[in-house]
Structure formats: structure tokens, C-alpha cells
>>> print(open('upload29.csv').read())   # CSV, C-alpha atoms
chain,number,residue,atom,x,y,z
A,1,MET,CA,16.5,-2.8,16.0
A,2,THR,CA,20.3,-3.4,16.0
A,3,THR,CA,22.1,-4.4,12.9
A,4,ALA,CA,23.2,-7.7,14.5
A,5,TRP,CA,19.6,-8.7,15.2
A,6,THR,CA,18.5,-7.7,11.7
A,7,ASP,CA,21.2,-9.9,10.2
A,8,LEU,CA,20.5,-12.8,12.6
A,9,PHE,CA,16.7,-12.6,12.4
A,10,PRO,CA,16.3,-14.7,9.1
A,11,TYR,CA,18.5,-17.5,10.6
A,12,VAL,CA,16.6,-17.6,14.0
A,13,ALA,CA,13.3,-17.5,12.1
A,14,LEU,CA,14.6,-20.3,9.8
A,15,ILE,CA,15.0,-22.6,12.8
A,16,LEU,CA,11.9,-21.5,14.7
A,17,VAL,CA,9.3,-21.3,12.0
A,18,GLY,CA,10.9,-23.3,9.3
A,19,TYR,CA,13.0,-26.2,10.6
A,20,LEU,CA,11.0,-27.1,13.7
A,21,PRO,CA,7.4,-27.1,12.4
A,22,ASN,CA,8.6,-29.0,9.3
A,23,GLU,CA,10.8,-31.6,11.0
A,24,MET,CA,8.3,-32.5,13.7
A,25,TRP,CA,6.3,-34.5,11.2
A,26,ARG,CA,9.3,-36.5,10.2
A,27,ALA,CA,10.1,-37.1,13.8
A,28,LEU,CA,6.6,-38.2,14.5
A,29,GLY,CA,6.7,-40.6,11.6
A,30,LEU,CA,9.9,-42.1,13.0
A,31,VAL,CA,8.3,-42.6,16.5
A,32,LEU,CA,5.0,-43.9,15.2
A,33,ALA,CA,6.2,-45.7,12.2
A,34,ARG,CA,3.7,-48.5,12.7
A,35,GLY,CA,-0.1,-48.6,13.1
A,36,LEU,CA,-1.0,-46.0,10.5
A,37,ASN,CA,-1.3,-46.7,6.8
A,38,GLU,CA,-1.7,-44.5,3.7
A,39,ASP,CA,-5.5,-45.2,3.6
A,40,SER,CA,-6.4,-44.1,7.1
A,41,GLN,CA,-8.9,-41.2,7.1
A,42,ILE,CA,-6.7,-38.7,9.0
A,43,VAL,CA,-3.8,-39.3,6.5
A,44,VAL,CA,-6.2,-38.8,3.5
A,45,TRP,CA,-7.6,-35.6,5.0
A,46,SER,CA,-4.1,-34.2,5.8
A,47,ARG,CA,-3.1,-35.0,2.2
A,48,ALA,CA,-6.0,-32.9,0.9
A,49,ILE,CA,-5.0,-30.0,3.2
A,50,ALA,CA,-1.4,-30.2,2.1
A,51,THR,CA,-2.4,-30.2,-1.6
A,52,ALA,CA,-4.7,-27.2,-1.2
A,53,ILE,CA,-2.1,-25.2,0.7
A,54,LEU,CA,0.5,-25.9,-1.9
A,55,ALA,CA,-2.0,-24.8,-4.6
A,56,GLY,CA,-2.6,-21.6,-2.7
A,57,VAL,CA,1.2,-20.9,-2.6
A,58,ILE,CA,1.4,-21.5,-6.4
A,59,ALA,CA,-1.6,-19.2,-7.1
A,60,LYS,CA,-0.1,-16.4,-5.0
A,61,LEU,CA,3.3,-16.7,-6.7
A,62,ILE,CA,1.7,-16.4,-10.2
A,63,VAL,CA,-1.0,-13.8,-9.5
A,64,PHE,CA,0.6,-11.6,-6.8
A,65,SER,CA,4.2,-11.8,-8.0
A,66,GLY,CA,6.9,-9.5,-6.7
A,67,GLY,CA,10.2,-8.4,-8.2
A,68,ALA,CA,11.1,-9.1,-11.8
A,69,LEU,CA,8.1,-11.5,-12.3
A,70,GLY,CA,5.7,-8.8,-11.1
A,71,ALA,CA,7.0,-6.5,-13.8
A,72,ILE,CA,5.6,-8.9,-16.5
A,73,PRO,CA,1.9,-8.2,-17.0
A,74,LEU,CA,-0.6,-10.4,-15.2
A,75,SER,CA,-2.2,-11.4,-18.5
A,76,ALA,CA,1.1,-12.8,-19.8
A,77,ARG,CA,1.6,-14.7,-16.5
A,78,ILE,CA,-1.9,-16.2,-16.6
A,79,GLY,CA,-1.7,-16.9,-20.3
A,80,ALA,CA,1.7,-18.6,-19.9
A,81,THR,CA,0.4,-20.8,-17.0
A,82,VAL,CA,-2.6,-21.9,-19.1
A,83,CYS,CA,-0.3,-22.6,-22.1
A,84,GLY,CA,2.2,-24.6,-20.0
A,85,PHE,CA,-0.6,-26.6,-18.4
A,86,LEU,CA,-2.2,-27.5,-21.7
A,87,VAL,CA,1.1,-28.7,-23.1
A,88,PHE,CA,1.7,-30.7,-19.8
A,89,LEU,CA,-1.7,-32.4,-20.4
A,90,ALA,CA,-1.0,-33.0,-24.1
A,91,ALA,CA,2.5,-34.4,-23.5
A,92,LYS,CA,1.1,-37.2,-21.2
A,93,ARG,CA,1.7,-35.2,-18.0
A,94,SER,CA,5.3,-34.4,-18.7
A,95,VAL,CA,6.5,-31.8,-16.1
A,96,PHE,CA,9.5,-31.0,-18.3
A,97,ALA,CA,7.4,-30.2,-21.4
A,98,GLY,CA,4.9,-28.2,-19.4
A,99,VAL,CA,7.4,-26.1,-17.7
A,100,LEU,CA,9.3,-25.5,-20.9
A,101,ALA,CA,6.2,-24.4,-22.8
A,102,GLY,CA,5.1,-22.1,-19.9
A,103,GLU,CA,8.5,-20.5,-19.8
A,104,GLY,CA,8.5,-20.0,-23.5
A,105,ALA,CA,5.0,-18.4,-23.5
A,106,LEU,CA,6.0,-16.1,-20.6
A,107,LEU,CA,9.1,-14.9,-22.4
A,108,LEU,CA,7.2,-14.3,-25.6
A,109,GLY,CA,4.4,-12.4,-23.8
A,110,GLY,CA,6.9,-10.3,-21.8
A,111,TRP,CA,8.9,-9.5,-24.9
A,112,LEU,CA,5.8,-8.5,-26.9
A,113,PHE,CA,4.7,-6.3,-24.0
A,114,GLY,CA,8.1,-4.6,-23.8
A,115,HIS,CA,8.0,-3.7,-27.5
B,116,MET,CA,19.6,-50.0,-12.5
B,117,PRO,CA,19.8,-53.8,-12.9
B,118,ALA,CA,17.1,-56.1,-11.5
B,119,SER,CA,19.4,-56.6,-8.5
B,120,ALA,CA,22.3,-54.6,-7.3
B,121,THR,CA,24.7,-56.0,-4.7
B,122,PHE,CA,27.6,-53.8,-3.5
B,123,PRO,CA,30.9,-55.0,-2.0
B,124,SER,CA,30.7,-52.6,0.9
B,125,ALA,CA,28.5,-49.9,2.5
B,126,THR,CA,30.7,-47.2,0.9
B,127,ALA,CA,30.0,-48.7,-2.5
B,128,ALA,CA,26.3,-48.8,-1.8
B,129,PHE,CA,26.4,-45.1,-0.8
B,130,ARG,CA,28.2,-44.3,-4.0
B,131,GLY,CA,25.7,-46.4,-6.0
B,132,GLY,CA,22.9,-44.3,-4.5
B,133,LEU,CA,24.8,-41.1,-5.3
B,134,LYS,CA,25.2,-42.1,-8.9
B,135,SER,CA,21.5,-43.0,-9.2
B,136,ALA,CA,20.6,-39.5,-7.9
B,137,LEU,CA,22.8,-37.7,-10.4
B,138,THR,CA,21.5,-39.7,-13.4
B,139,SER,CA,17.8,-39.7,-12.6
B,140,ALA,CA,15.0,-37.6,-14.0
B,141,PHE,CA,14.6,-35.9,-10.7
B,142,PHE,CA,18.0,-34.3,-11.2
B,143,LEU,CA,16.6,-31.9,-13.8
B,144,VAL,CA,13.4,-31.2,-11.8
B,145,LEU,CA,15.4,-30.4,-8.7
B,146,ALA,CA,17.9,-28.3,-10.6
B,147,GLY,CA,15.0,-26.3,-12.2
B,148,THR,CA,13.1,-25.9,-8.9
B,149,TYR,CA,16.2,-24.7,-6.9
B,150,ILE,CA,17.3,-22.3,-9.7
B,151,GLY,CA,13.8,-20.8,-9.3
B,152,MET,CA,14.2,-20.9,-5.5
B,153,GLY,CA,17.6,-19.1,-5.7
B,154,ALA,CA,15.9,-16.4,-7.8
B,155,LEU,CA,13.1,-16.2,-5.3
B,156,ALA,CA,15.5,-15.8,-2.4
B,157,HIS,CA,17.3,-13.0,-4.3
B,158,GLY,CA,14.0,-11.3,-5.0
B,159,PHE,CA,13.0,-11.3,-1.3
B,160,GLY,CA,16.4,-10.1,-0.1
B,161,LEU,CA,17.7,-13.2,1.5
B,162,THR,CA,21.3,-14.4,1.2
B,163,PRO,CA,22.3,-17.5,-0.9
B,164,TRP,CA,23.8,-19.0,2.3
B,165,TRP,CA,20.5,-18.7,4.1
B,166,LEU,CA,18.9,-20.6,1.2
B,167,ALA,CA,21.6,-23.3,1.3
B,168,LEU,CA,21.1,-23.7,5.1
B,169,SER,CA,17.3,-23.9,4.6
B,170,THR,CA,17.9,-26.6,1.9
B,171,VAL,CA,19.9,-28.7,4.4
B,172,LEU,CA,17.7,-28.1,7.4
B,173,VAL,CA,14.2,-28.0,6.0
B,174,TRP,CA,14.7,-30.0,2.8
B,175,ALA,CA,11.1,-29.6,1.5
B,176,ALA,CA,10.6,-27.3,-1.4
B,177,PRO,CA,7.0,-26.2,-0.5
B,178,ALA,CA,8.0,-25.3,3.0
B,179,GLN,CA,11.0,-23.3,1.7
B,180,VAL,CA,8.9,-21.4,-0.8
B,181,ILE,CA,6.4,-20.5,2.0
B,182,LEU,CA,9.3,-19.4,4.2
B,183,ILE,CA,11.0,-17.2,1.6
B,184,SER,CA,7.8,-15.6,0.3
B,185,SER,CA,6.4,-14.8,3.7
B,186,PHE,CA,9.6,-13.3,5.1
B,187,GLY,CA,9.4,-10.8,2.2
B,188,GLY,CA,5.7,-10.2,2.7
B,189,GLY,CA,6.1,-9.6,6.4
B,190,ALA,CA,3.6,-12.2,7.5
B,191,PRO,CA,3.2,-12.8,11.3
B,192,LEU,CA,5.7,-15.5,12.4
B,193,ILE,CA,3.0,-17.7,13.9
B,194,GLU,CA,1.2,-17.8,10.6
B,195,VAL,CA,4.4,-18.8,8.8
B,196,ALA,CA,5.0,-21.6,11.3
B,197,LEU,CA,1.5,-22.9,10.9
B,198,ALA,CA,1.6,-22.7,7.1
B,199,VAL,CA,5.0,-24.5,7.0
B,200,SER,CA,3.7,-27.1,9.4
B,201,LEU,CA,0.5,-27.8,7.4
B,202,SER,CA,2.6,-28.0,4.2
B,203,ALA,CA,4.8,-30.6,5.9
B,204,VAL,CA,2.0,-33.0,7.2
B,205,ARG,CA,2.5,-35.2,4.1
B,206,LEU,CA,6.1,-36.0,5.4
B,207,PHE,CA,4.5,-38.0,8.3
B,208,PRO,CA,2.8,-40.8,6.2
B,209,MET,CA,5.9,-40.8,3.9
B,210,VAL,CA,8.3,-41.6,6.7
B,211,VAL,CA,5.8,-44.2,8.1
B,212,ALA,CA,5.7,-45.9,4.7
B,213,LEU,CA,9.5,-45.7,4.0
B,214,LEU,CA,11.1,-47.0,7.2
B,215,PRO,CA,9.9,-50.6,6.9
B,216,LEU,CA,11.6,-50.7,3.5
B,217,LEU,CA,15.0,-49.7,5.1
B,218,ARG,CA,14.9,-51.6,8.3
B,219,VAL,CA,16.4,-55.0,9.2
B,220,GLU,CA,15.8,-56.8,12.5
B,221,ASP,CA,18.8,-55.3,14.3
B,222,THR,CA,18.7,-51.8,12.8
B,223,ARG,CA,19.3,-49.2,15.5
B,224,LEU,CA,17.1,-46.1,15.9
B,225,ARG,CA,20.1,-43.8,15.3
B,226,ASP,CA,20.7,-45.4,11.9
B,227,LEU,CA,17.2,-44.3,10.8
B,228,LEU,CA,17.7,-40.6,11.9
B,229,LEU,CA,19.4,-39.6,8.6
B,230,PRO,CA,16.9,-41.3,6.3
B,231,THR,CA,14.1,-39.8,8.3
B,232,HIS,CA,15.5,-36.3,7.9
B,233,PHE,CA,16.2,-36.9,4.2
B,234,THR,CA,12.6,-38.0,3.4
B,235,SER,CA,11.2,-35.8,0.7
B,236,VAL,CA,9.1,-36.3,-2.4
B,237,SER,CA,12.0,-37.0,-4.8
B,238,MET,CA,13.9,-39.3,-2.5
B,239,TRP,CA,10.7,-41.1,-1.5
B,240,VAL,CA,9.5,-41.8,-5.0
B,241,GLU,CA,13.0,-43.0,-6.1
B,242,SER,CA,13.5,-45.1,-3.0
B,243,PHE,CA,10.4,-47.1,-3.7
B,244,ARG,CA,11.5,-47.6,-7.3
B,245,LEU,CA,15.1,-48.5,-6.6
B,246,LEU,CA,15.4,-50.0,-3.1
B,247,PRO,CA,13.6,-53.3,-3.8
B,248,ALA,CA,16.6,-54.4,-6.0
B,249,VAL,CA,19.2,-53.5,-3.3
B,250,PRO,CA,20.0,-56.1,-0.6
B,251,ARG,CA,18.2,-55.2,2.7
B,252,GLU,CA,21.3,-54.6,4.8
B,253,GLN,CA,22.7,-52.1,2.2
B,254,ARG,CA,19.5,-50.1,1.7
B,255,ILE,CA,20.2,-47.4,4.3
B,256,ALA,CA,23.7,-46.6,2.8
B,257,PHE,CA,22.2,-46.6,-0.7
B,258,SER,CA,19.3,-44.4,0.3
B,259,ASN,CA,21.6,-41.9,2.1
B,260,GLY,CA,23.8,-41.7,-1.0
B,261,LEU,CA,20.7,-41.0,-3.1
B,262,SER,CA,19.6,-38.3,-0.7
B,263,VAL,CA,23.0,-36.6,-0.4
B,264,GLY,CA,23.1,-36.5,-4.2
B,265,TYR,CA,19.7,-34.8,-4.4
B,266,MET,CA,20.4,-32.4,-1.5
B,267,GLY,CA,23.8,-31.4,-3.0
B,268,THR,CA,22.2,-30.8,-6.4
B,269,ALA,CA,19.5,-28.6,-4.8
B,270,ALA,CA,21.9,-26.6,-2.7
B,271,ALA,CA,24.3,-26.1,-5.7
B,272,PHE,CA,21.6,-24.9,-8.1
B,273,GLY,CA,20.2,-22.6,-5.4
B,274,PHE,CA,23.4,-20.6,-5.7
B,275,VAL,CA,23.2,-20.8,-9.5
B,276,GLY,CA,19.7,-19.3,-9.5
B,277,TYR,CA,20.6,-16.6,-7.0
B,278,TYR,CA,23.5,-15.3,-9.0
B,279,LEU,CA,21.7,-15.7,-12.3
B,280,ALA,CA,18.8,-13.6,-10.9
B,281,ALA,CA,21.3,-10.9,-9.9
B,282,GLU,CA,23.0,-10.7,-13.3
B,283,LEU,CA,20.2,-11.3,-15.8
B,284,PRO,CA,18.1,-8.7,-17.6
B,285,PRO,CA,14.7,-8.2,-15.9
B,286,LEU,CA,12.6,-10.4,-18.4
B,287,LEU,CA,14.9,-13.4,-18.0
B,288,ALA,CA,15.0,-12.9,-14.2
B,289,GLY,CA,11.2,-12.9,-14.2
B,290,ALA,CA,11.3,-16.1,-16.2
B,291,LEU,CA,13.5,-17.7,-13.5
B,292,LEU,CA,11.1,-16.7,-10.8
B,293,PHE,CA,8.3,-18.3,-12.9
B,294,LEU,CA,10.1,-21.7,-12.6
B,295,THR,CA,9.0,-22.4,-9.1
B,296,PRO,CA,5.2,-22.0,-9.5
B,297,MET,CA,5.4,-23.8,-12.9
B,298,SER,CA,7.3,-26.8,-11.7
B,299,PHE,CA,5.2,-27.0,-8.5
B,300,LEU,CA,1.9,-26.8,-10.4
B,301,MET,CA,2.9,-29.5,-12.9
B,302,SER,CA,4.4,-31.9,-10.3
B,303,THR,CA,1.4,-31.5,-8.0
B,304,ALA,CA,-1.0,-32.0,-10.9
B,305,ARG,CA,1.0,-35.1,-11.9
B,306,ASN,CA,0.8,-36.6,-8.4
B,307,ALA,CA,-3.0,-35.7,-8.2
B,308,LYS,CA,-4.3,-38.9,-9.6
B,309,ALA,CA,-7.4,-39.3,-7.4
B,310,MET,CA,-10.4,-37.0,-7.7
B,311,MET,CA,-9.9,-35.6,-4.2
B,312,ASP,CA,-6.4,-34.4,-4.9
B,313,GLN,CA,-7.4,-32.8,-8.2
B,314,LEU,CA,-10.3,-31.0,-6.4
B,315,ALA,CA,-8.0,-29.9,-3.6
B,316,LEU,CA,-5.6,-28.5,-6.2
B,317,VAL,CA,-8.3,-26.5,-8.0
B,318,LEU,CA,-9.9,-25.3,-4.8
B,319,GLY,CA,-6.5,-24.2,-3.4
B,320,LEU,CA,-5.7,-22.2,-6.5
B,321,VAL,CA,-9.1,-20.4,-6.5
B,322,LEU,CA,-9.2,-19.8,-2.7
B,323,GLY,CA,-5.6,-18.7,-2.6
B,324,ILE,CA,-6.3,-16.0,-5.2
B,325,PHE,CA,-9.6,-15.0,-3.6
B,326,LEU,CA,-8.5,-14.8,0.0
B,327,THR,CA,-5.3,-12.9,-0.9
B,328,ALA,CA,-7.3,-10.4,-3.0
B,329,ALA,CA,-9.8,-9.9,-0.1
B,330,ASP,CA,-6.8,-9.3,2.2
B,331,VAL,CA,-8.0,-12.0,4.6
B,332,GLN,CA,-5.7,-12.7,7.6
B,333,LEU,CA,-4.0,-16.2,7.7
B,334,ASP,CA,-5.0,-16.6,4.0
B,335,LEU,CA,-2.8,-19.7,3.4
B,336,LEU,CA,-4.1,-21.4,6.4
B,337,TRP,CA,-7.8,-21.0,5.4
B,338,THR,CA,-6.9,-21.9,1.9
B,339,GLY,CA,-5.5,-25.2,3.1
B,340,ILE,CA,-8.1,-26.1,5.7
B,341,GLY,CA,-11.1,-24.8,3.7
B,342,GLY,CA,-10.0,-26.2,0.3
B,343,GLY,CA,-8.6,-29.5,1.7
B,344,THR,CA,-11.6,-30.2,3.9
B,345,LEU,CA,-14.1,-29.4,1.1
B,346,ALA,CA,-12.2,-31.8,-1.2
B,347,TYR,CA,-12.1,-34.4,1.5
B,348,PHE,CA,-15.8,-34.3,2.1
B,349,ALA,CA,-16.6,-34.4,-1.6
B,350,HIS,CA,-14.5,-37.5,-1.8
B,351,ARG,CA,-16.3,-39.1,1.2
B,352,LEU,CA,-19.7,-38.2,-0.3
B,353,ARG,CA,-18.8,-39.8,-3.6
B,354,GLU,CA,-17.5,-42.9,-1.9
B,355,ALA,CA,-20.7,-43.1,0.2
B,356,THR,CA,-23.0,-42.8,-2.8
B,357,ALA,CA,-20.9,-44.9,-5.2
>>> encode(input="upload29.csv", output="C-alpha cells")
Amino acid sequence: MTTAWTDLFPYVALILVGYLPNEMWRALGLVLARGLNEDSQIVVWSRAIATAILAGVIAKLIVFSGGALGAIPLSARIGATVCGFLVFLAAKRSVFAGVLAGEGALLLGGWLFGH
Amino acid sequence: MPASATFPSATAAFRGGLKSALTSAFFLVLAGTYIGMGALAHGFGLTPWWLALSTVLVWAAPAQVILISSFGGGAPLIEVALAVSLSAVRLFPMVVALLPLLRVEDTRLRDLLLPTHFTSVSMWVESFRLLPAVPREQRIAFSNGLSVGYMGTAAAFGFVGYYLAAELPPLLAGALLFLTPMSFLMSTARNAKAMMDQLALVLGLVLGIFLTAADVQLDLLWTGIGGGTLAYFAHRLREATA
């Protein structure tokens, strides 16, 4: 593979497998902006698929992490996720409080592991 | 935001939207999410300019995370396209619900192109909260200002996260990478008010881990279709027996 292609590849891929498959749903919404409502069965089903796929992405990022996050032990990552989620629930579903608690627990776990 | 907000001109309405974006709670959520995304892009060897372009063109955090992480993992392009597309299905009903709020009788299609592209979770939630107080003929300008504020925030903090990840000691860089899954998990859980959405979230987490560990091809696709369909039928079954 040539250098130019290697450099360009992420941008071509961004258009082909990022922008187009994402934008087509917005375009479809603009064209068919009447007739369907939030409660129609196909919309409900697609919402469930969208939620599950997003959850799959989240799980992969936490359990099969790469880079600097992967260097922190799995037990600390899972423990921090549980900690963050419990605080999120306790704090009336505050995303801010949950993320803060999860990050704090991860830093503590990673620091203890390193010492 | 007062109960009703009338602006002297379209430019003033645009500025009003911009100001609302920079002072809303979503400012912090977006900043945190895109700092994490910048760190993720750094971790997977992409440039910060690639990330900024993907923010402007894709403008959907889940799709961007799928893109970044699958380029690094070397997933087949067709799988990436399908996964991105499935993650974006939710944009369709959002656009369908939003446009009637922006439109007046003589609104041209081309005036709706930008609001359509700008549709995302943050903009959508805030539009429904703020737009009813804005006069109908100024709503498109206001909404565009709101969106430009959010998109600019996201793009700027993407750079911040990228360079922080490059400079920080490993533990702190790891904590930055942890921002994306944390903020996604919490905001998805917060939006999952119905039983079906909560079930889809749990099934997706479990299936995502299981299918990746088992090294199944197209794991994200099966996670979405399998987990989502199971949750959907559980919801139908409960409605039928209720």
C-alpha cells in the first residue's frame, strides 16, 4: 500500500462507512417527516436495537480496553463501573455524579495496583 | 430562559441559541464525552483533525465511537458500516418528531437541511425544552445557533482530549479513556425509563462481552439485533398479558 493511500484511508472510510450510513437516517426522516410516530412498532423495535448495540459498545470499551485504559487491571475497571453506577442511582440518576464517582474509583484502583 | 423569548432579528435568535448551548447542562456532558473521544482517537492512532471532521460530518457520539474503535481493531468495513447504521436508526424518529416544531407554512425544504443534519440527542432534548418559548418563525435560527454551539464545543474538546492523552501519565490517560464508556452508560441508563430500554441495555452489555470473548464475527451486529429483539418481544409479551 502506498503512503498516500494509507494517509487517505481513514478519511475515505469516514465518508463511506461513517457519514453515509449515519446520515441516511436523518435524510429519510426529512423525506418521510409525516406518517410515523414515536409509538409505531417499527420505531419501538429499532429503538431497542439501537440501545442494545450502544450497550455492546460500552461493554467492549470497559472489558476489552486497549491503550492506557487496558493497562489498568480489569478488576479495577469493573469495580469502578459498578461504583459509578451505584452513585448514579443514589444521586437520582445524575450522570455527572456517576461519572465523577466512577473516575475516582478507577484512579484509586489503578493507583493501588501500581503501588 | 424566560417563558417567551422574542428576538429582534434572525441573527439575534441564532445568538440566543448559541448562548443557551454554552450555558446548558449538556455543555459539561459534551465536553466530557469529547475529551474522552479525543483520548480514544489518540489511542487508536487517528489524527485530531480526523476526529474534528468526523464530529462535523457524523455528529453522533455512538457512531463516532464505533468508527474509532473499529478502525483500530481492524474490523471489516462492511461490518463497521452496518454497526454505524444500526446505531443511527434512532436519528430517524428524532428528525420526524423535531421538524414539525421548526416548520411554518412557507418553510422551504433547504431551510430544514441544516436542522436535519444537526439532529442529535443533546440538540433534540434541548430543542423540545426551549423552542416552545421561541416565536415559530425564529425557531430555525435559534435551533441552528444551539447546534453550532454544541458542535463547536464537541470539536474543541476533542482536541483538548487528544493532546491531554498524549501528554498525561498513563494512569490519567487511562482515566480519560474511561470517560466515554462511563458517560455513555449513565446517559443511556438515564434515558432508559421503560422496561424494554432497560432490558435492551442489560442484554447488550452481557451479549457484547460474551460475543466478543467467543470471538464471534459481526459481534456488534448480533448484540444489537439479538439483544434488541429479545427486549422488544419481552415488552410485547408483557403488554399482551398485562
>>> closest_atom_pairs(input="upload29.csv", of="chain A", to="chain B", cutoff="7 Å", atoms="all atoms listed in the file", output="tab-separated table")
residue	atom	partner	partner_atom	distance
A:Tyr11	CA	B:Trp165	CA	6.9
A:Leu14	CA	B:Ser169	CA	6.9
A:Val17	CA	B:Ala196	CA	4.4
A:Gly18	CA	B:Val199	CA	6.4
A:Tyr19	CA	B:Val173	CA	5.1
A:Pro21	CA	B:Ser200	CA	4.8
A:Asn22	CA	B:Ser200	CA	5.3
A:Trp25	CA	B:Phe207	CA	4.9
A:Arg26	CA	B:Phe207	CA	5.4
A:Leu28	CA	B:Phe207	CA	6.5
A:Gly29	CA	B:Phe207	CA	4.7
A:Leu30	CA	B:Val210	CA	6.5
A:Ala33	CA	B:Val211	CA	4.4
A:Arg34	CA	B:Val211	CA	6.6
A:Glu38	CA	B:Pro208	CA	6.3
A:Val43	CA	B:Pro208	CA	6.8
A:Trp45	CA	B:Tyr347	CA	5.8
A:Ser46	CA	B:Val204	CA	6.4
A:Arg47	CA	B:Arg205	CA	5.9
A:Ala48	CA	B:Gly343	CA	4.4
A:Ile49	CA	B:Gly343	CA	3.9
A:Ala50	CA	B:Ser202	CA	5.0
A:Thr51	CA	B:Leu316	CA	5.9
A:Ala52	CA	B:Gly319	CA	4.1
A:Ile53	CA	B:Gly339	CA	4.2
A:Leu54	CA	B:Pro177	CA	6.7
A:Ala55	CA	B:Gly319	CA	4.7
A:Gly56	CA	B:Gly323	CA	4.2
A:Val57	CA	B:Ile181	CA	7.0
A:Ile58	CA	B:Pro296	CA	4.9
A:Ala59	CA	B:Leu320	CA	5.1
A:Lys60	CA	B:Ile324	CA	6.2
A:Leu61	CA	B:Pro296	CA	6.3
A:Ile62	CA	B:Pro296	CA	6.6
A:Gly67	CA	B:Gly158	CA	5.8
A:Ala68	CA	B:Gly289	CA	4.5
A:Leu69	CA	B:Gly289	CA	3.9
A:Arg93	CA	B:Arg305	CA	6.1
A:Val95	CA	B:Met301	CA	5.3
A:Gly98	CA	B:Met301	CA	6.9
A:Val99	CA	B:Met297	CA	5.7
A:Glu103	CA	B:Ala290	CA	6.3
A:Leu106	CA	B:Ala290	CA	6.9
A:Leu107	CA	B:Ala290	CA	6.7
A:Gly110	CA	B:Leu286	CA	6.6
>>> atom_distance(input="upload29.csv", atom1="atom CA of Leu352 of chain B", atom2="atom CA of Val240 of chain B")
29.8 Å
>>> residues_around(input="upload29.csv", residues="Ile78 of chain A", least_positions_apart="3", cutoff="8 Å", atoms="all atoms listed in the file", output="JSON, numbers by chain")
{"A": [62, 63, 74, 75, 81, 82]}
>>> atom_distance(input="upload29.csv", atom1="atom CA of Gln41 of chain A", atom2="atom CA of Ala357 of chain B")
17.6 Å
>>> atom_distance(input="upload29.csv", atom1="atom CA of Ser185 of chain B", atom2="atom CA of Met152 of chain B")
13.5 Å
>>> residues_around(input="upload29.csv", residues="Ser242 of chain B", least_positions_apart="6", cutoff="10 Å", atoms="all atoms listed in the file", output="ChimeraX atom specification")
/B:132,213,216-217,234,236,254,257-258,261-262
>>> axis_aligned_box(input="upload29.csv", around="segment 334-337 of chain B", padding_each_side="4 Å", output="JSON")
{"center_x": -5.3, "center_y": -19.0, "center_z": 4.9, "size_x": 13.0, "size_y": 12.8, "size_z": 11.0}
>>> closest_residue(input="upload29.csv", among="B:Gly160, B:Phe243, B:Ser237, B:Glu354", to="Asp7 of chain A", atoms="all atoms listed in the file")
B:Gly160
>>> closest_residue(input="upload29.csv", among="B:Val275, B:Ala349, B:Val331, B:Met266", to="Ala156 of chain B", atoms="all atoms listed in the file")
B:Val275
>>> closest_residue(input="upload29.csv", among="B:Thr268, B:Leu245, B:Gly153, B:Asp330", to="Phe64 of chain A", atoms="all atoms listed in the file")
B:Asp330
>>> closest_residue(input="upload29.csv", among="A:Leu16, A:Leu100, A:Gly109, A:Ser40", to="Ala76 of chain A", atoms="only C-alpha atoms")
A:Gly109
>>> decode(input="upload29.csv", residues="segment 294-316 of chain B", atoms="C-alpha atoms", output="mmCIF file, in the first residue's frame")
data_model
loop_
_atom_site.group_PDB
_atom_site.id
_atom_site.type_symbol
_atom_site.label_atom_id
_atom_site.label_comp_id
_atom_site.auth_asym_id
_atom_site.auth_seq_id
_atom_site.Cartn_x
_atom_site.Cartn_y
_atom_site.Cartn_z
ATOM 1 C CA LEU B 294 -14.858 8.890 30.290
ATOM 2 C CA THR B 295 -16.529 7.687 27.085
ATOM 3 C CA PRO B 296 -17.948 4.351 28.344
ATOM 4 C CA MET B 297 -18.904 5.959 31.679
ATOM 5 C CA SER B 298 -20.802 8.920 30.241
ATOM 6 C CA PHE B 299 -22.464 6.665 27.619
ATOM 7 C CA LEU B 300 -23.508 4.105 30.225
ATOM 8 C CA MET B 301 -25.032 6.717 32.546
ATOM 9 C CA SER B 302 -26.786 8.781 29.868
ATOM 10 C CA THR B 303 -28.210 5.639 28.226
ATOM 11 C CA ALA B 304 -29.380 4.369 31.620
ATOM 12 C CA ARG B 305 -30.959 7.751 32.358
ATOM 13 C CA ASN B 306 -32.859 7.733 29.061
ATOM 14 C CA ALA B 307 -33.961 4.097 29.592
ATOM 15 C CA LYS B 308 -37.166 4.782 31.508
ATOM 16 C CA ALA B 309 -39.275 1.984 30.002
ATOM 17 C CA MET B 310 -38.691 -1.680 30.903
ATOM 18 C CA MET B 311 -37.831 -2.519 27.275
ATOM 19 C CA ASP B 312 -34.994 0.010 27.114
ATOM 20 C CA GLN B 313 -33.530 -1.148 30.430
ATOM 21 C CA LEU B 314 -33.677 -4.773 29.287
ATOM 22 C CA ALA B 315 -32.043 -3.869 25.942
ATOM 23 C CA LEU B 316 -29.259 -2.092 27.851
#
